[in-house]
Amino acid sequence: MYSLNLLFGSTMKLTQGMGISINRYSYLEPVYWLDSLSKYIPTVTKTERTRCTSIKVSRNEVDGATAYSLEYRKQEDTEWSVASYSILTTNYTVTSLTTGSTYCFRVRAFAENEWKDYSTETVKSALPPKPSNITVTAVLSGIQIDWATRKDISGCIVYRSESKNGAYTQLALLDNNTQTSYTDSTVKANKTYYYKIQRFVYVDSQPIYSEISSAETGKYSISAPSRLSVSSKSKTSVSVSWKAVDNATSYTVVCRLKGTKTKKIITTSSLSCTFKGLTLGKKYKIKIKANRSFGSSAYCKAVSITAKPKTPTLSAVRKSGNIKLSWDKINGISGYYVYRAYSKNGKYTLIKTVKGKNNTSCSLRTYSSSKYYYKVKSYVKKGSTVYTSSYSKVFRV
């Protein structure tokens, strides 16, 4: 305060014994100012481990500086060692450090033909570098974790948790420096897991550990089967088919009598199956899920179907002014119904009943310059009740 008083020519006064005030001369402000010496002091902006025995120190730029000096020491020592007196880049790697030891670092700038004051000290321990480039992928045998390779370490530890910020347990200890991948085969389907990696190196038979990596998420997903197709195979059986699901080893297909708990279940490794012994005229709901050793997918959306005769496949041939309709033979039915319309989406009228499963054709009179549209159904008669198949595809003549 005496220096400031002398500089500005002001008089210091006691203020009721509680403090000292300095007179302020505003007319001097445009003429005098204090220049901070801190502008010549660099700052350590980042420290990172590049190897188990080296640390890269980064700093900011100082205006007017032509070179920089970097010094380091073990935290418990008092004497500093010079890493370099002639650093021109914004970072410098200090090597030959002792793994497991903690070091202090400081930098200073050379400006105005002299070395300026040192920066504030920064502390960093020489440890194995923190694992990076971690990827988590679902593979056939589970969830695979991969990370960057390093030859200067002794091994890695894999940790797993069921929540990102939850407790992590050791999943595997890999006591070699060549393994950079691990497959978790204890997962469950459609469940999310979180993984972390930690490196270590042996120093005098004692492990020195790196920082643990950030968490990476993985999920072994099994998709529900899609493109489920259900059709009548006979009057009391239906065929079911679906698209393959990646990584699925089998499929569970459920056929349930609608409105009841009665159901049939088929587990198969193929992409189709047939349910037999259904009740004619009854409605069923069919759904399917994919299976893997780790669990199963959700069921796909159920498809409803009524047990009914198989749908015929229709064809036609013109002959001598007539049309001959033919269809495939269907066992276990009573006969076939033939329908006709004069436009594809018009009203179809039953024009002929062909009795007997073995009668698979009929001839119909046609007229020139006319268009006819035909389709056919198979039917089963049980007492006074008649059960019909779905319409065949329309055939135009």
# chains A, B, ... in the order shown; residues from 1 in each chain; ligands from 1
call {"tool": "select_by_dssp", "arguments": {"residues": "stretch 158-210 of chain A", "states": "strand (DSSP E)", "output": "PyMOL selection string"}}
result
chain A and resi 158-161+169-174+181-184+192-203+206-209
call {"tool": "residues_around", "arguments": {"residues": "stretch 48-61 of chain A", "least_positions_apart": "2", "cutoff": "10 Å", "atoms": "only C-alpha atoms", "output": "number ranges by chain"}}
result
A: 40-46, 63-65, 68, 70, 88-101, 103, 105-109, 119, 122, 124-130, 150-153, 200-201, 208-210
call {"tool": "residues_around", "arguments": {"residues": "A:Arg73", "least_positions_apart": "4", "cutoff": "8 Å", "atoms": "only C-alpha atoms", "output": "list in words"}}
result
Asp77, Thr78, Glu79, Trp80, Ser81, Tyr103, Cys104 and Phe105 of chain A
call {"tool": "closest_atom_pairs", "arguments": {"of": "stretch 280-316 of chain A", "to": "stretch 261-270 of chain A", "cutoff": "10 Å", "atoms": "only C-alpha atoms", "output": "tab-separated table"}}
result
residue	atom	partner	partner_atom	distance
A:Tyr284	CA	A:Lys263	CA	8.9
A:Lys285	CA	A:Lys263	CA	9.2
A:Ile286	CA	A:Lys263	CA	9.4
A:Lys287	CA	A:Ile265	CA	9.9
A:Ile288	CA	A:Ile266	CA	9.5
A:Lys289	CA	A:Thr267	CA	9.6
A:Ala290	CA	A:Ser269	CA	9.5
A:Asn291	CA	A:Ser269	CA	9.3
call {"tool": "write_last_selection", "arguments": {"atoms": "N, CA and C atoms", "output": "PDB file, in the first residue's frame"}}
result
ATOM      1  N   TYR A 284     -58.680 -69.919 -34.613  1.00  0.00           N
ATOM      2  CA  TYR A 284     -57.431 -70.103 -33.874  1.00  0.00           C
ATOM      3  C   TYR A 284     -56.545 -68.857 -34.025  1.00  0.00           C
ATOM      4  N   LYS A 285     -55.704 -68.633 -33.038  1.00  0.00           N
ATOM      5  CA  LYS A 285     -54.706 -67.546 -33.097  1.00  0.00           C
ATOM      6  C   LYS A 285     -53.327 -68.181 -33.057  1.00  0.00           C
ATOM      7  N   ILE A 286     -52.497 -67.783 -34.009  1.00  0.00           N
ATOM      8  CA  ILE A 286     -51.159 -68.373 -34.139  1.00  0.00           C
ATOM      9  C   ILE A 286     -50.106 -67.282 -33.961  1.00  0.00           C
ATOM     10  N   LYS A 287     -49.099 -67.561 -33.142  1.00  0.00           N
ATOM     11  CA  LYS A 287     -47.990 -66.628 -32.923  1.00  0.00           C
ATOM     12  C   LYS A 287     -46.701 -67.425 -32.797  1.00  0.00           C
ATOM     13  N   ILE A 288     -45.562 -66.722 -32.939  1.00  0.00           N
ATOM     14  CA  ILE A 288     -44.271 -67.408 -32.979  1.00  0.00           C
ATOM     15  C   ILE A 288     -43.193 -66.539 -32.343  1.00  0.00           C
ATOM     16  N   LYS A 289     -42.200 -67.169 -31.737  1.00  0.00           N
ATOM     17  CA  LYS A 289     -41.034 -66.465 -31.194  1.00  0.00           C
ATOM     18  C   LYS A 289     -39.766 -67.204 -31.594  1.00  0.00           C
ATOM     19  N   ALA A 290     -38.657 -66.467 -31.637  1.00  0.00           N
ATOM     20  CA  ALA A 290     -37.348 -67.051 -31.976  1.00  0.00           C
ATOM     21  C   ALA A 290     -36.587 -67.371 -30.698  1.00  0.00           C
ATOM     22  N   ASN A 291     -35.831 -68.462 -30.715  1.00  0.00           N
ATOM     23  CA  ASN A 291     -35.085 -68.912 -29.539  1.00  0.00           C
ATOM     24  C   ASN A 291     -33.592 -68.914 -29.794  1.00  0.00           C
TER      25      ASN A 291
END
call {"tool": "select_by_dssp", "arguments": {"residues": "stretch 28-154 of chain A", "states": "helix (DSSP H, G or I)", "output": "list in words"}}
result
Leu28, Leu37, Ser38, Lys39 and Tyr40 of chain A
call {"tool": "write_last_selection", "arguments": {"atoms": "C-alpha atoms", "output": "tab-separated table (two decimals), in the first residue's frame"}}
result
chain	number	residue	atom	x	y	z
A	28	LEU	CA	-3.89	10.20	-13.47
A	37	LEU	CA	3.59	-10.11	-15.08
A	38	SER	CA	1.24	-13.13	-15.27
A	39	LYS	CA	0.83	-12.66	-19.02
A	40	TYR	CA	4.24	-14.32	-19.47
call {"tool": "closest_residue", "arguments": {"among": "A:Val245, A:Leu278, A:Val82, A:Val230", "to": "A:Lys258", "atoms": "only C-alpha atoms"}}
result
A:Leu278
call {"tool": "atom_distance", "arguments": {"atom1": "atom CA of A:Pro225", "atom2": "atom CA of A:Ile305"}}
result
18.1 Å
call {"tool": "atom_distance", "arguments": {"atom1": "atom CA of A:Ser361", "atom2": "atom CA of A:Arg318"}}
result
13.0 Å
